[in-house]
>>> print(open('start_36.cif').read())   # mmCIF, C-alpha atoms
data_upload
#
loop_
_atom_site.label_atom_id
_atom_site.label_comp_id
_atom_site.auth_asym_id
_atom_site.auth_seq_id
_atom_site.Cartn_x
_atom_site.Cartn_y
_atom_site.Cartn_z
CA MET R 993 0.00 0.00 0.00
CA SER R 994 1.35 3.40 -0.86
CA SER R 995 0.78 6.06 1.79
CA THR R 996 1.82 8.72 -0.70
CA SER R 997 -1.12 7.88 -2.96
CA LEU R 998 -3.59 8.74 -0.20
CA TYR R 999 -1.62 11.86 0.56
CA ALA R 1000 -1.58 12.91 -3.08
CA ALA R 1001 -5.33 12.49 -3.25
CA CYS R 1002 -5.86 14.53 -0.11
CA ARG R 1003 -3.42 17.27 -0.88
CA ARG R 1004 -3.53 18.04 -4.59
CA PRO R 1005 -1.67 21.14 -5.79
CA PRO R 1006 -3.87 24.23 -5.63
CA ARG R 1007 -4.93 25.72 -8.92
CA SER R 1008 -5.89 29.23 -9.85
CA ARG R 1009 -6.64 31.24 -12.93
CA LEU R 1010 -3.80 33.59 -12.02
CA ALA R 1011 -0.92 31.96 -13.84
CA ALA R 1012 1.04 34.81 -15.38
CA GLY R 1013 1.39 37.71 -13.02
CA ALA R 1014 -1.01 40.63 -13.01
CA ALA R 1015 -1.98 40.43 -16.69
CA PRO R 1016 -5.14 38.27 -16.26
CA PHE R 1017 -6.46 40.48 -13.48
CA VAL R 1018 -5.74 43.69 -15.33
CA ALA R 1019 -7.46 42.35 -18.46
CA ALA R 1020 -10.49 41.31 -16.42
CA LEU R 1021 -10.49 44.67 -14.72
CA VAL R 1022 -10.70 46.48 -18.06
CA ILE R 1023 -13.81 44.47 -18.89
CA ALA R 1024 -15.31 45.00 -15.45
CA VAL R 1025 -15.03 48.78 -15.58
CA TRP R 1026 -15.56 49.12 -19.34
CA VAL R 1027 -16.75 52.55 -20.28
CA PRO R 1028 -14.96 54.92 -22.64
CA LEU R 1029 -11.56 55.50 -21.03
CA SER R 1030 -10.79 58.52 -23.12
CA THR R 1031 -12.58 61.51 -24.50
CA GLY R 1032 -11.80 63.91 -27.27
CA CYS R 1033 -10.05 66.08 -24.69
CA GLY R 1034 -7.80 63.35 -23.27
CA PRO R 1035 -8.14 60.60 -20.65
CA SER R 1036 -11.50 60.41 -18.93
CA PRO R 1037 -11.77 60.60 -15.12
CA LEU R 1038 -12.31 56.83 -15.07
CA ALA R 1039 -9.14 56.29 -17.10
CA ARG R 1040 -7.14 58.28 -14.58
CA GLN R 1041 -8.74 56.34 -11.71
CA TYR R 1042 -8.00 53.07 -13.47
CA ASP R 1043 -4.35 53.95 -14.11
CA ALA R 1044 -3.85 55.00 -10.51
CA TYR R 1045 -5.43 51.79 -9.26
CA VAL R 1046 -3.38 49.50 -11.48
CA LEU R 1047 -0.18 51.18 -10.31
CA GLN R 1048 -1.12 50.25 -6.74
CA VAL R 1049 -2.00 46.58 -7.29
CA GLU R 1050 -0.04 45.40 -10.32
CA PRO R 1051 3.41 45.12 -8.64
CA ALA R 1052 1.89 43.15 -5.75
CA LEU R 1053 0.15 40.77 -8.14
CA ASP R 1054 3.39 40.15 -10.02
CA GLN R 1055 5.09 39.29 -6.73
CA GLU R 1056 2.15 37.08 -5.77
CA ALA R 1057 2.47 35.06 -8.96
CA VAL R 1058 6.12 34.29 -8.15
CA ARG R 1059 5.28 33.10 -4.62
CA TRP R 1060 2.34 30.98 -5.71
CA ARG R 1061 4.32 29.38 -8.52
CA ARG R 1062 6.91 28.29 -5.93
CA VAL R 1063 4.15 26.86 -3.71
CA GLY R 1064 2.98 24.79 -6.67
CA GLU R 1065 6.50 23.55 -7.40
CA LEU R 1066 7.03 22.44 -3.80
CA THR R 1067 3.61 20.80 -3.69
CA ARG R 1068 4.58 18.64 -6.67
CA GLU R 1069 7.88 17.71 -5.02
CA ARG R 1070 5.94 16.81 -1.90
CA ARG R 1071 4.03 14.02 -3.60
CA ASP R 1072 6.84 11.63 -2.73
CA ASP R 1073 7.44 13.05 0.74
CA PHE R 1074 4.41 14.53 2.48
CA ALA R 1075 6.61 15.95 5.27
CA LEU R 1076 8.97 17.72 2.84
CA PRO R 1077 10.76 20.26 5.11
CA GLN R 1078 11.32 22.74 2.28
CA TYR R 1079 7.57 22.96 1.73
CA TYR R 1080 6.77 24.01 5.29
CA GLU R 1081 9.83 26.23 5.54
CA TYR R 1082 8.74 28.13 2.45
CA LEU R 1083 5.15 28.44 3.65
CA GLN R 1084 6.09 29.65 7.11
CA GLN R 1085 9.08 31.83 6.27
CA THR R 1086 8.10 33.25 2.88
CA ALA R 1087 4.56 32.57 1.67
CA LEU R 1088 2.57 33.26 4.83
CA PRO R 1089 4.31 36.55 5.68
CA PHE R 1090 3.90 37.68 2.09
CA TYR R 1091 0.17 36.89 1.89
CA GLU R 1092 -0.47 38.44 5.31
CA GLY R 1093 1.26 41.56 4.05
CA LEU R 1094 -0.66 41.35 0.78
CA GLN R 1095 -3.94 41.46 2.65
CA GLU R 1096 -2.79 44.57 4.48
CA ARG R 1097 -1.59 46.19 1.25
CA PHE R 1098 -4.89 45.56 -0.50
CA ALA R 1099 -6.84 46.77 2.55
CA ALA R 1100 -4.97 50.06 2.35
CA VAL R 1101 -5.90 50.62 -1.31
CA ARG R 1102 -8.84 53.00 -1.78
CA PRO R 1103 -9.97 52.84 -5.40
CA GLU R 1104 -12.26 55.54 -6.73
CA GLY R 1105 -15.46 54.78 -8.57
CA GLU R 1106 -18.11 52.14 -7.95
CA ARG R 1107 -16.80 49.64 -10.51
CA LEU R 1108 -13.21 49.82 -9.31
CA VAL R 1109 -14.39 49.38 -5.73
CA ALA R 1110 -16.27 46.24 -6.76
CA ALA R 1111 -13.26 44.90 -8.68
CA HIS R 1112 -10.98 45.55 -5.72
CA ASP R 1113 -13.35 43.70 -3.41
CA VAL R 1114 -12.95 40.63 -5.64
CA LEU R 1115 -9.18 40.99 -5.46
CA ARG R 1116 -9.25 41.18 -1.67
CA ARG R 1117 -11.36 38.01 -1.49
CA PHE R 1118 -8.83 36.30 -3.75
CA ALA R 1119 -5.93 37.24 -1.45
CA ALA R 1120 -7.90 36.15 1.63
CA ALA R 1121 -8.64 32.76 0.06
CA ARG R 1122 -4.96 32.20 -0.76
CA LEU R 1123 -4.00 33.11 2.80
CA SER R 1124 -6.67 30.76 4.17
CA PHE R 1125 -5.25 27.91 2.09
CA LEU R 1126 -1.71 28.49 3.37
CA ARG R 1127 -2.79 28.76 7.00
CA ASN R 1128 -4.71 25.53 6.65
CA GLU R 1129 -1.64 23.80 5.22
CA VAL R 1130 0.62 24.94 8.05
CA ALA R 1131 -1.94 24.07 10.72
CA GLY R 1132 -2.36 20.60 9.25
CA ARG R 1133 1.32 19.65 9.38
CA GLY R 1134 1.08 17.89 12.74
CA LEU R 1135 -2.13 16.14 11.71
CA LEU R 1136 -0.51 14.71 8.59
CA GLU R 1137 2.51 13.53 10.55
CA ARG R 1138 0.22 11.66 12.95
CA ALA R 1139 -1.94 10.27 10.14
CA PHE R 1140 1.07 8.87 8.31
CA GLY R 1141 2.99 7.81 11.41
CA GLU R 1142 2.61 5.21 14.12
CA GLY R 1143 -1.03 4.51 14.90
CA GLY R 1144 -1.97 5.63 11.39
CA LEU R 1145 -0.92 4.59 7.92
CA ARG R 1146 2.48 3.31 9.02
CA ASP R 1147 0.73 0.52 10.93
CA VAL R 1148 -1.59 -0.10 8.00
CA ARG R 1149 1.33 -0.43 5.60
CA SER R 1150 3.34 -2.80 7.82
CA GLY R 1151 0.26 -4.88 8.64
CA LEU R 1152 -0.62 -5.28 4.99
CA GLU R 1153 2.88 -6.49 4.18
CA GLU R 1154 2.77 -9.05 6.98
CA ALA R 1155 -0.64 -10.39 5.91
CA GLU R 1156 0.42 -10.71 2.28
CA ASN R 1157 3.61 -12.57 3.26
CA LEU R 1158 1.64 -15.10 5.31
CA ARG R 1159 -0.67 -15.70 2.37
CA TYR R 1160 2.31 -16.56 0.17
CA GLU R 1161 3.76 -18.82 2.87
CA TYR R 1162 0.47 -20.69 3.15
CA GLY R 1163 0.27 -21.09 -0.61
CA GLU R 1164 3.78 -22.54 -0.73
CA ALA R 1165 2.97 -24.93 2.11
CA VAL R 1166 -0.19 -26.19 0.39
CA GLY R 1167 1.49 -26.59 -2.96
CA ASP R 1168 -0.71 -28.52 -5.37
CA ASP R 1169 -3.09 -29.68 -2.65
CA VAL R 1170 -6.58 -28.21 -2.29
CA PRO R 1171 -6.43 -25.33 0.23
CA ASP R 1172 -8.71 -25.14 3.22
CA ALA R 1173 -12.11 -23.66 2.34
CA LYS R 1174 -11.58 -21.04 5.02
CA LEU R 1175 -8.94 -19.47 2.79
CA GLY R 1176 -11.62 -18.74 0.19
CA GLU R 1177 -13.88 -17.23 2.84
CA LEU R 1178 -11.02 -15.09 4.10
CA TYR R 1179 -10.13 -13.65 0.72
CA ALA R 1180 -13.74 -13.08 -0.24
CA ILE R 1181 -13.97 -10.76 2.78
CA VAL R 1182 -10.57 -9.15 2.13
CA ALA R 1183 -11.09 -8.62 -1.61
CA SER R 1184 -14.55 -7.13 -1.14
CA PHE R 1185 -13.38 -4.64 1.46
CA ARG R 1186 -10.28 -3.63 -0.47
CA SER R 1187 -12.07 -3.05 -3.78
CA LYS R 1188 -15.17 -1.33 -2.40
CA TYR R 1189 -13.67 0.62 0.49
CA PHE R 1190 -9.92 0.55 1.01
CA ASP R 1191 -8.92 1.38 -2.56
CA ARG R 1192 -11.28 4.35 -2.50
CA LEU R 1193 -9.98 5.38 0.92
CA GLU R 1194 -6.45 5.32 -0.44
CA GLN R 1195 -7.55 7.51 -3.36
CA GLY R 1196 -9.32 9.97 -1.07
CA ALA R 1197 -12.61 9.11 -2.79
CA ILE R 1198 -14.64 8.01 0.25
CA ASP R 1199 -15.30 9.46 3.68
CA PRO R 1200 -13.14 7.54 6.21
CA GLU R 1201 -16.09 7.53 8.60
CA ASP R 1202 -18.02 5.34 6.14
CA VAL R 1203 -15.05 2.98 6.00
CA GLN R 1204 -14.88 2.82 9.79
CA VAL R 1205 -18.58 2.02 10.06
CA ARG R 1206 -18.26 -0.77 7.50
CA LEU R 1207 -15.31 -2.28 9.34
CA ARG R 1208 -16.94 -2.16 12.76
CA ARG R 1209 -20.33 -3.49 11.73
CA HIS R 1210 -19.46 -6.07 9.09
CA VAL R 1211 -15.85 -6.77 8.16
CA ILE R 1212 -14.16 -7.12 11.54
CA PRO R 1213 -16.98 -9.24 13.08
CA ALA R 1214 -16.84 -11.56 10.05
CA LEU R 1215 -13.08 -11.97 10.43
CA GLU R 1216 -13.37 -12.50 14.19
CA GLU R 1217 -15.86 -15.30 13.56
CA LEU R 1218 -13.49 -16.84 11.04
CA ALA R 1219 -10.60 -16.62 13.54
CA ARG R 1220 -12.64 -18.57 16.14
CA ARG R 1221 -13.05 -21.57 13.83
CA LYS R 1222 -11.05 -24.76 14.31
CA TYR R 1223 -7.86 -25.21 12.30
CA THR R 1224 -5.88 -28.37 11.68
CA ASP R 1225 -3.03 -28.99 14.11
CA ASP R 1226 -0.29 -29.02 11.49
CA ASP R 1227 1.95 -26.52 9.70
CA GLU R 1228 -0.69 -25.69 7.11
CA GLY R 1229 -3.40 -25.16 9.72
CA ARG R 1230 -1.17 -22.97 11.85
CA LEU R 1231 -0.15 -20.90 8.82
CA LEU R 1232 -3.76 -20.39 7.80
CA LYS R 1233 -4.75 -19.45 11.34
CA GLY R 1234 -1.88 -16.96 11.41
CA CYS R 1235 -2.95 -15.58 8.04
CA VAL R 1236 -6.51 -14.98 9.29
CA ALA R 1237 -5.13 -13.30 12.43
CA ALA R 1238 -2.84 -11.07 10.37
CA TRP R 1239 -5.68 -9.92 8.13
CA LEU R 1240 -7.87 -9.30 11.17
CA ASP R 1241 -5.09 -7.16 12.69
CA TRP R 1242 -4.72 -5.27 9.41
CA HIS R 1243 -8.41 -4.42 9.21
CA ARG R 1244 -8.31 -3.29 12.84
CA ALA R 1245 -5.33 -1.04 12.02
CA VAL R 1246 -7.31 0.53 9.17
CA GLU R 1247 -10.25 1.06 11.54
CA ARG R 1248 -7.99 2.73 14.12
CA ALA R 1249 -6.54 5.04 11.45
CA CYS R 1250 -9.94 6.22 10.20
CA PRO R 1251 -10.50 9.04 12.75
CA LEU R 1252 -7.17 10.64 11.81
CA LEU R 1253 -7.84 10.11 8.12
CA ARG R 1254 -11.22 11.78 8.50
CA GLN R 1255 -9.47 14.85 9.87
CA VAL R 1256 -7.23 14.77 6.79
CA TRP R 1257 -10.38 14.41 4.67
CA ARG R 1258 -11.88 17.53 6.25
CA MET R 1259 -8.63 19.42 5.85
CA LYS R 1260 -8.58 18.46 2.18
CA ALA R 1261 -12.10 19.82 1.77
CA GLU R 1262 -11.18 23.10 3.48
CA SER R 1263 -8.07 23.55 1.36
CA ALA R 1264 -9.94 22.70 -1.83
CA ALA R 1265 -12.65 25.21 -0.92
CA ALA R 1266 -10.04 27.93 -0.30
CA ALA R 1267 -8.27 27.19 -3.59
CA GLN R 1268 -11.60 27.22 -5.44
CA ASP R 1269 -12.58 30.46 -3.78
CA ALA R 1270 -9.33 32.05 -4.92
CA ALA R 1271 -9.87 30.79 -8.47
CA GLU R 1272 -13.41 32.12 -8.60
CA ASN R 1273 -12.33 35.55 -7.39
CA LEU R 1274 -9.80 36.20 -10.11
#
>>> encode(input="start_36.cif", output="structure tokens")
Amino acid sequence: MSSTSLYAACRRPPRSRLAAGAAPFVAALVIAVWVPLSTGCGPSPLARQYDAYVLQVEPALDQEAVRWRRVGELTRERRDDFALPQYYEYLQQTALPFYEGLQERFAAVRPEGERLVAAHDVLRRFAAARLSFLRNEVAGRGLLERAFGEGGLRDVRSGLEEAENLRYEYGEAVGDDVPDAKLGELYAIVASFRSKYFDRLEQGAIDPEDVQVRLRRHVIPALEELARRKYTDDDEGRLLKGCVAAWLDWHRAVERACPLLRQVWRMKAESAAAAQDAAENL
């Protein structure tokens, strides 16, 4: 099982329509305030207001594009290492201070004219959404470390490896003989849970609470019943009994990890909402 695949699903790189400095915003702004910007006697009052406003926000937007591009680069690097130190160092030391300052800079801007005021309000919501995303990322660092550490996905990963190894050992012990029917029952339970729940959990495509409920009410009780059955008192019987126990332990480890993974799920939703809010406001 790859812990990074769940992480990648939960923490996809943020996207925004601002990809090339201030140009997209300035172009949108022209449309938003569109009235004749010049008269036969020179620039109109609106043109002068527009020029003054762009001079106040355009440099900040160019700087913002550089910072956000770096956040995206580090997010892609982080796919293979969710705890990438450079990512959090950049967020805490560079990105967060910049976006906090950006909010203050935009708050100090006082555009003239109703349409410019409305356009600037959109820009301020954009900056606030970006800042919300970054704060959420920094606040979630400890949560991710717990979710992917001991008591979380680390136990799930090691338990899965142990259960798979015992299955192979049992298969080698049985050889060409017909395996115990309990093996078929075991893997019917395992395969059903993995395809319908665990694979989707790993992809971030299902609420971990739903997975936990399924495990508690159906999967774990079925495996516990299977573990209580009688097994032959020989090497094959002991291997099969150990295989059932290992799979039971693995499903219990997944169940124990679900509360932490649900917190990650909620954090993903909050970050996605902030990124979407930023995209919709520029």
>>> atom_distance(input="start_36.cif", atom1="CA of His1210 (chain R)", atom2="CA of Tyr1160 (chain R)")
25.8 Å
>>> closest_residue(input="start_36.cif", among="R:Val1246, R:Glu1104, R:Leu1088, R:Glu1201", to="Pro1037 (chain R)", atoms="all atoms listed in the file")
R:Glu1104
>>> resolve_selection(input="start_36.cif", expression="the PyMOL selection byres ((chain R and resi 1212) around 12)", output="PDB file with C-alpha atoms, in the frame of the given file")
ATOM      1  CA  LEU R1178     -11.020 -15.090   4.100  1.00  0.00           C
ATOM      2  CA  ILE R1181     -13.970 -10.760   2.780  1.00  0.00           C
ATOM      3  CA  VAL R1182     -10.570  -9.150   2.130  1.00  0.00           C
ATOM      4  CA  PHE R1185     -13.380  -4.640   1.460  1.00  0.00           C
ATOM      5  CA  VAL R1203     -15.050   2.980   6.000  1.00  0.00           C
ATOM      6  CA  GLN R1204     -14.880   2.820   9.790  1.00  0.00           C
ATOM      7  CA  VAL R1205     -18.580   2.020  10.060  1.00  0.00           C
ATOM      8  CA  ARG R1206     -18.260  -0.770   7.500  1.00  0.00           C
ATOM      9  CA  LEU R1207     -15.310  -2.280   9.340  1.00  0.00           C
ATOM     10  CA  ARG R1208     -16.940  -2.160  12.760  1.00  0.00           C
ATOM     11  CA  ARG R1209     -20.330  -3.490  11.730  1.00  0.00           C
ATOM     12  CA  HIS R1210     -19.460  -6.070   9.090  1.00  0.00           C
ATOM     13  CA  VAL R1211     -15.850  -6.770   8.160  1.00  0.00           C
ATOM     14  CA  PRO R1213     -16.980  -9.240  13.080  1.00  0.00           C
ATOM     15  CA  ALA R1214     -16.840 -11.560  10.050  1.00  0.00           C
ATOM     16  CA  LEU R1215     -13.080 -11.970  10.430  1.00  0.00           C
ATOM     17  CA  GLU R1216     -13.370 -12.500  14.190  1.00  0.00           C
ATOM     18  CA  GLU R1217     -15.860 -15.300  13.560  1.00  0.00           C
ATOM     19  CA  LEU R1218     -13.490 -16.840  11.040  1.00  0.00           C
ATOM     20  CA  ALA R1219     -10.600 -16.620  13.540  1.00  0.00           C
ATOM     21  CA  VAL R1236      -6.510 -14.980   9.290  1.00  0.00           C
ATOM     22  CA  ALA R1237      -5.130 -13.300  12.430  1.00  0.00           C
ATOM     23  CA  TRP R1239      -5.680  -9.920   8.130  1.00  0.00           C
ATOM     24  CA  LEU R1240      -7.870  -9.300  11.170  1.00  0.00           C
ATOM     25  CA  ASP R1241      -5.090  -7.160  12.690  1.00  0.00           C
ATOM     26  CA  TRP R1242      -4.720  -5.270   9.410  1.00  0.00           C
ATOM     27  CA  HIS R1243      -8.410  -4.420   9.210  1.00  0.00           C
ATOM     28  CA  ARG R1244      -8.310  -3.290  12.840  1.00  0.00           C
ATOM     29  CA  ALA R1245      -5.330  -1.040  12.020  1.00  0.00           C
ATOM     30  CA  VAL R1246      -7.310   0.530   9.170  1.00  0.00           C
ATOM     31  CA  GLU R1247     -10.250   1.060  11.540  1.00  0.00           C
ATOM     32  CA  ARG R1248      -7.990   2.730  14.120  1.00  0.00           C
TER      33      ARG R1248
END
>>> atom_distance(input="start_36.cif", atom1="CA of Glu1081 (chain R)", atom2="CA of Glu1069 (chain R)")
13.7 Å
>>> atom_distance(input="start_36.cif", atom1="CA of Glu1065 (chain R)", atom2="CA of Ile1198 (chain R)")
27.3 Å
